[in-house]
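Notes follow once the structure below has been shown.
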Amino acid sequence: MRRKPVVGVIGNAYRIENRFTTQLVGERNLRAVADVAGALPLMFAGSPEITDVGALLDVVDGIILTGARANVHPTRFNTAPCEKHEPYDVSRDEVALALSEACVARGVPLFGICRGLQEMNVAFGGSLHPEIRELPGRMNHRMPRLENGEIHPDPRVVFADRHEVSLIPDGAFAKILGCEKIRVNSLHGQGILQPGKRVVVEGVAEDGTIEAIRIADAPGFALGVQWHAEYDAQRNPINRALFKAFGEALMVRV
């Protein structure tokens, strides 16, 4: 019998009670991999001291770079850091950027979600803007909040479709999704400013924000989305189709 493919899902630095250092992965990512991509999710640490990229890629069939609260550190794209754009996760930066290049070079399926898309862009020489809503003509892409500033308690509101994305005709996303216009959720502050050299922009929001990319000439699946595709991937037709396509790419390697 064919074995089940294994997907490495990157962890994020997280402190419990501001004392205990942990690695955290959102369960929706793990369930999307298991339920829709049909693979075994295997969390790995976003820490270069204990995660050897080469050894990791020897044992997994694909990689998910998930969303995260921390921004990619600006020095990764030659910009000065600013306290108001913290927190950062420089350890994850090191692992994720190296992984992005290594996955593409080896043909290992790579799916970047939110921060993951941003990491893929930076890995190939692109830059980010720390607060995309501050650019002229851009909407607020951050998650919905109550009047008192707290995050809205209802996940159906937080992850509701917020805007359209136009996909390039005959692109990888249009072929997977079978259409050229979709609606997606929006939960990010940072976004792509300048695409990297091999980054092909395949989807753009109505305000011009880059929402979907692929890496040119990648021998395997190498796609990134700015929205949280892990949300309700079991039922949401857009997110389900993307994780199904990722799963099909994994089976080629099994």
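Letters for chains follow the order of the structure tokens (A, B, ...), residue numbers begin at 1 for each chain, and ligand numbers begin at 1 in the order shown.
The residue set within 10 Å of Asp93 (chain A), counting only C-alpha atoms and dropping same-chain residues fewer than 2 places from it, reads Asn12, Gly46, Ser47, Pro48, Ala70, Asn71, Val72, His73, Arg76, Tyr88, Asp89, Val90, Ser91, Val95, Ala96, Leu97, Ala98, Leu99, Arg115, Gly116, Glu119, Val122 and Ala123 of chain A.
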Quick one: contact table of region 44-105 of chain A to region 201-222 of chain A, 12 Å max, nearest atom pair and distance in Å to one decimal per residue, counting only C-alpha atoms, chain and number order, as JSON lines?
```
{"residue": "A:Asp61", "atom": "CA", "partner": "A:Gly220", "partner_atom": "CA", "distance": 11.1}
{"residue": "A:Gly62", "atom": "CA", "partner": "A:Phe221", "partner_atom": "CA", "distance": 9.0}
{"residue": "A:Ile63", "atom": "CA", "partner": "A:Ala222", "partner_atom": "CA", "distance": 9.7}
{"residue": "A:Ile64", "atom": "CA", "partner": "A:Ala222", "partner_atom": "CA", "distance": 10.3}
{"residue": "A:Leu65", "atom": "CA", "partner": "A:Ala222", "partner_atom": "CA", "distance": 11.1}
{"residue": "A:Leu99", "atom": "CA", "partner": "A:Ala222", "partner_atom": "CA", "distance": 11.6}
{"residue": "A:Ser100", "atom": "CA", "partner": "A:Ala222", "partner_atom": "CA", "distance": 8.7}
{"residue": "A:Glu101", "atom": "CA", "partner": "A:Ile215", "partner_atom": "CA", "distance": 10.0}
{"residue": "A:Ala102", "atom": "CA", "partner": "A:Ala218", "partner_atom": "CA", "distance": 10.8}
{"residue": "A:Cys103", "atom": "CA", "partner": "A:Ala222", "partner_atom": "CA", "distance": 8.2}
{"residue": "A:Val104", "atom": "CA", "partner": "A:Ala218", "partner_atom": "CA", "distance": 5.5}
{"residue": "A:Ala105", "atom": "CA", "partner": "A:Ala218", "partner_atom": "CA", "distance": 7.3}
```
When DSSP is applied to the backbone of this structure, which of region 129-252 of chain A are assigned alpha helix (DSSP H)? Write them out as a list of chain:residue names. A:Pro155, A:Arg156, A:Val157, A:Val158, A:Ala172, A:Phe173, A:Ala174, A:Lys175, A:Ile176, A:Leu177, A:Pro237, A:Ile238, A:Asn239, A:Arg240, A:Ala241, A:Leu242, A:Phe243, A:Lys244, A:Ala245, A:Phe246, A:Gly247, A:Glu248, A:Ala249, A:Leu250, A:Met251, A:Val252
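Checking A:Gly11, A:Pro237, A:Gly107, A:Pro87 one by one against Val184 (chain A), counting only C-alpha atoms, you find the shortest gap at A:Pro237.
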DSSP strand (DSSP E or B) residues within region 36-254 of chain A, as a ChimeraX atom specification: /A:40-44,62-65,71,88,110-113,127-129,145,151,163-167,181-184,191-194,199-205,210-215,222-225
Which residues, written as an MDAnalysis selection string, have at least one atom at most 12 Å from His141 (chain A), with only C-alpha atoms counted and residues fewer than 3 positions away on the same chain left out? chainID A and resid 114 130:135 138 144:145 158:159 161:163 184:191 205:211 226:228
I need the residues from that last selection saved to file as a short mmCIF file (atom, residue, chain, number, x, y, z; two decimals), in the first residue's frame (with N, CA, C and O atoms), if you can.
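Output file selection.cif is given in full below:
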```cif
data_model
loop_
_atom_site.label_atom_id
_atom_site.label_comp_id
_atom_site.auth_asym_id
_atom_site.auth_seq_id
_atom_site.Cartn_x
_atom_site.Cartn_y
_atom_site.Cartn_z
N CYS A 114 -0.36 33.49 4.34
CA CYS A 114 -0.22 34.76 5.03
C CYS A 114 1.25 35.09 5.26
O CYS A 114 1.94 35.48 4.33
N PRO A 130 5.33 47.07 6.29
CA PRO A 130 4.90 46.60 7.61
C PRO A 130 3.43 46.85 7.92
O PRO A 130 2.85 46.19 8.77
N GLU A 131 2.81 47.81 7.24
CA GLU A 131 1.40 48.13 7.50
C GLU A 131 0.78 48.54 6.18
O GLU A 131 0.73 49.71 5.82
N ILE A 132 0.27 47.56 5.45
CA ILE A 132 -0.16 47.76 4.07
C ILE A 132 -1.30 48.78 3.98
O ILE A 132 -1.45 49.49 2.99
N ARG A 133 -2.09 48.91 5.05
CA ARG A 133 -3.23 49.85 5.03
C ARG A 133 -2.77 51.30 5.02
O ARG A 133 -3.56 52.20 4.76
N GLU A 134 -1.48 51.56 5.34
CA GLU A 134 -0.96 52.92 5.33
C GLU A 134 -0.61 53.41 3.92
O GLU A 134 -0.38 54.60 3.72
N LEU A 135 -0.57 52.53 2.95
CA LEU A 135 -0.30 52.93 1.57
C LEU A 135 -1.55 53.60 0.99
O LEU A 135 -2.67 53.21 1.30
N ARG A 138 -5.25 51.90 -0.06
CA ARG A 138 -5.41 50.54 0.45
C ARG A 138 -6.45 50.47 1.55
O ARG A 138 -6.64 51.42 2.31
N PRO A 144 -11.15 41.91 11.92
CA PRO A 144 -12.17 42.77 12.53
C PRO A 144 -12.04 42.82 14.05
O PRO A 144 -11.72 41.82 14.69
N ARG A 145 -12.30 44.01 14.60
CA ARG A 145 -12.25 44.21 16.05
C ARG A 145 -13.52 44.89 16.53
O ARG A 145 -14.23 45.52 15.76
N VAL A 158 -14.46 37.01 12.14
CA VAL A 158 -13.02 37.23 11.93
C VAL A 158 -12.57 36.68 10.58
O VAL A 158 -11.80 37.31 9.86
N PHE A 159 -13.05 35.48 10.24
CA PHE A 159 -12.60 34.81 9.02
C PHE A 159 -13.59 34.95 7.86
O PHE A 159 -13.48 34.24 6.87
N ASP A 161 -15.35 36.31 4.47
CA ASP A 161 -14.82 36.88 3.24
C ASP A 161 -14.92 38.39 3.29
O ASP A 161 -15.98 38.95 3.59
N ARG A 162 -13.81 39.08 2.98
CA ARG A 162 -13.76 40.53 3.12
C ARG A 162 -13.62 41.26 1.80
O ARG A 162 -14.02 42.42 1.67
N HIS A 163 -13.00 40.64 0.82
CA HIS A 163 -12.78 41.35 -0.45
C HIS A 163 -12.56 40.37 -1.59
O HIS A 163 -12.32 39.17 -1.37
N VAL A 184 -12.15 36.31 -0.41
CA VAL A 184 -11.31 35.70 0.62
C VAL A 184 -11.39 36.48 1.92
O VAL A 184 -11.85 37.63 1.96
N ASN A 185 -10.89 35.87 2.98
CA ASN A 185 -10.78 36.55 4.27
C ASN A 185 -9.55 37.44 4.29
O ASN A 185 -8.74 37.44 3.34
N SER A 186 -9.37 38.20 5.35
CA SER A 186 -8.24 39.13 5.41
C SER A 186 -7.87 39.38 6.87
O SER A 186 -8.66 39.93 7.63
N LEU A 187 -6.65 38.96 7.25
CA LEU A 187 -6.21 39.07 8.65
C LEU A 187 -4.72 39.40 8.71
O LEU A 187 -3.95 38.73 9.36
N HIS A 188 -4.30 40.43 8.01
CA HIS A 188 -2.87 40.73 7.99
C HIS A 188 -2.63 42.23 8.01
O HIS A 188 -3.46 43.02 7.57
N GLY A 189 -1.47 42.62 8.53
CA GLY A 189 -1.04 44.01 8.49
C GLY A 189 0.06 44.19 7.45
O GLY A 189 0.02 45.08 6.61
N GLN A 190 1.06 43.31 7.53
CA GLN A 190 2.18 43.34 6.59
C GLN A 190 1.76 42.76 5.25
O GLN A 190 0.88 41.90 5.19
N GLY A 191 2.38 43.23 4.17
CA GLY A 191 2.07 42.71 2.84
C GLY A 191 3.22 42.95 1.89
O GLY A 191 4.18 43.66 2.21
N ALA A 205 -5.92 41.93 -4.86
CA ALA A 205 -7.17 42.42 -4.28
C ALA A 205 -7.62 43.67 -5.02
O ALA A 205 -6.84 44.28 -5.78
N GLU A 206 -8.85 44.08 -4.77
CA GLU A 206 -9.41 45.23 -5.48
C GLU A 206 -8.67 46.53 -5.18
O GLU A 206 -8.75 47.49 -5.95
N ASP A 207 -7.91 46.57 -4.05
CA ASP A 207 -7.14 47.78 -3.72
C ASP A 207 -5.69 47.69 -4.18
O ASP A 207 -4.88 48.57 -3.88
N GLY A 208 -5.34 46.62 -4.89
CA GLY A 208 -3.99 46.47 -5.41
C GLY A 208 -3.06 45.63 -4.56
O GLY A 208 -1.92 45.38 -4.94
N THR A 209 -3.53 45.15 -3.41
CA THR A 209 -2.70 44.32 -2.54
C THR A 209 -2.49 42.94 -3.17
O THR A 209 -3.44 42.31 -3.63
N ILE A 210 -1.25 42.49 -3.16
CA ILE A 210 -0.91 41.19 -3.75
C ILE A 210 -1.42 40.08 -2.83
O ILE A 210 -1.11 40.04 -1.64
N GLU A 211 -2.21 39.16 -3.40
CA GLU A 211 -2.87 38.13 -2.61
C GLU A 211 -2.48 36.71 -2.98
O GLU A 211 -2.73 35.79 -2.18
N GLN A 226 -2.13 35.27 0.53
CA GLN A 226 -2.11 36.23 1.64
C GLN A 226 -3.24 35.97 2.63
O GLN A 226 -3.13 36.30 3.81
N TRP A 227 -4.32 35.36 2.19
CA TRP A 227 -5.43 35.09 3.11
C TRP A 227 -5.17 33.78 3.87
O TRP A 227 -4.24 33.02 3.57
N HIS A 228 -6.02 33.52 4.87
CA HIS A 228 -5.85 32.32 5.69
C HIS A 228 -6.62 31.16 5.06
O HIS A 228 -7.78 30.90 5.39
#
```
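Closest approach to Gly8 (chain A) among A:Leu250, A:Leu242, A:Val200, A:Leu167 is made by A:Leu250 (distances from only C-alpha atoms).
Of note, CA of Gln23 (chain A) and CA of Ala233 (chain A) are spaced 23.2 Å apart.
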Using only C-alpha atoms, the shortest atom-to-atom distance to Lys4 (chain A) among A:Val60, A:Ala245, A:Ile182, A:Leu30 belongs to A:Val60
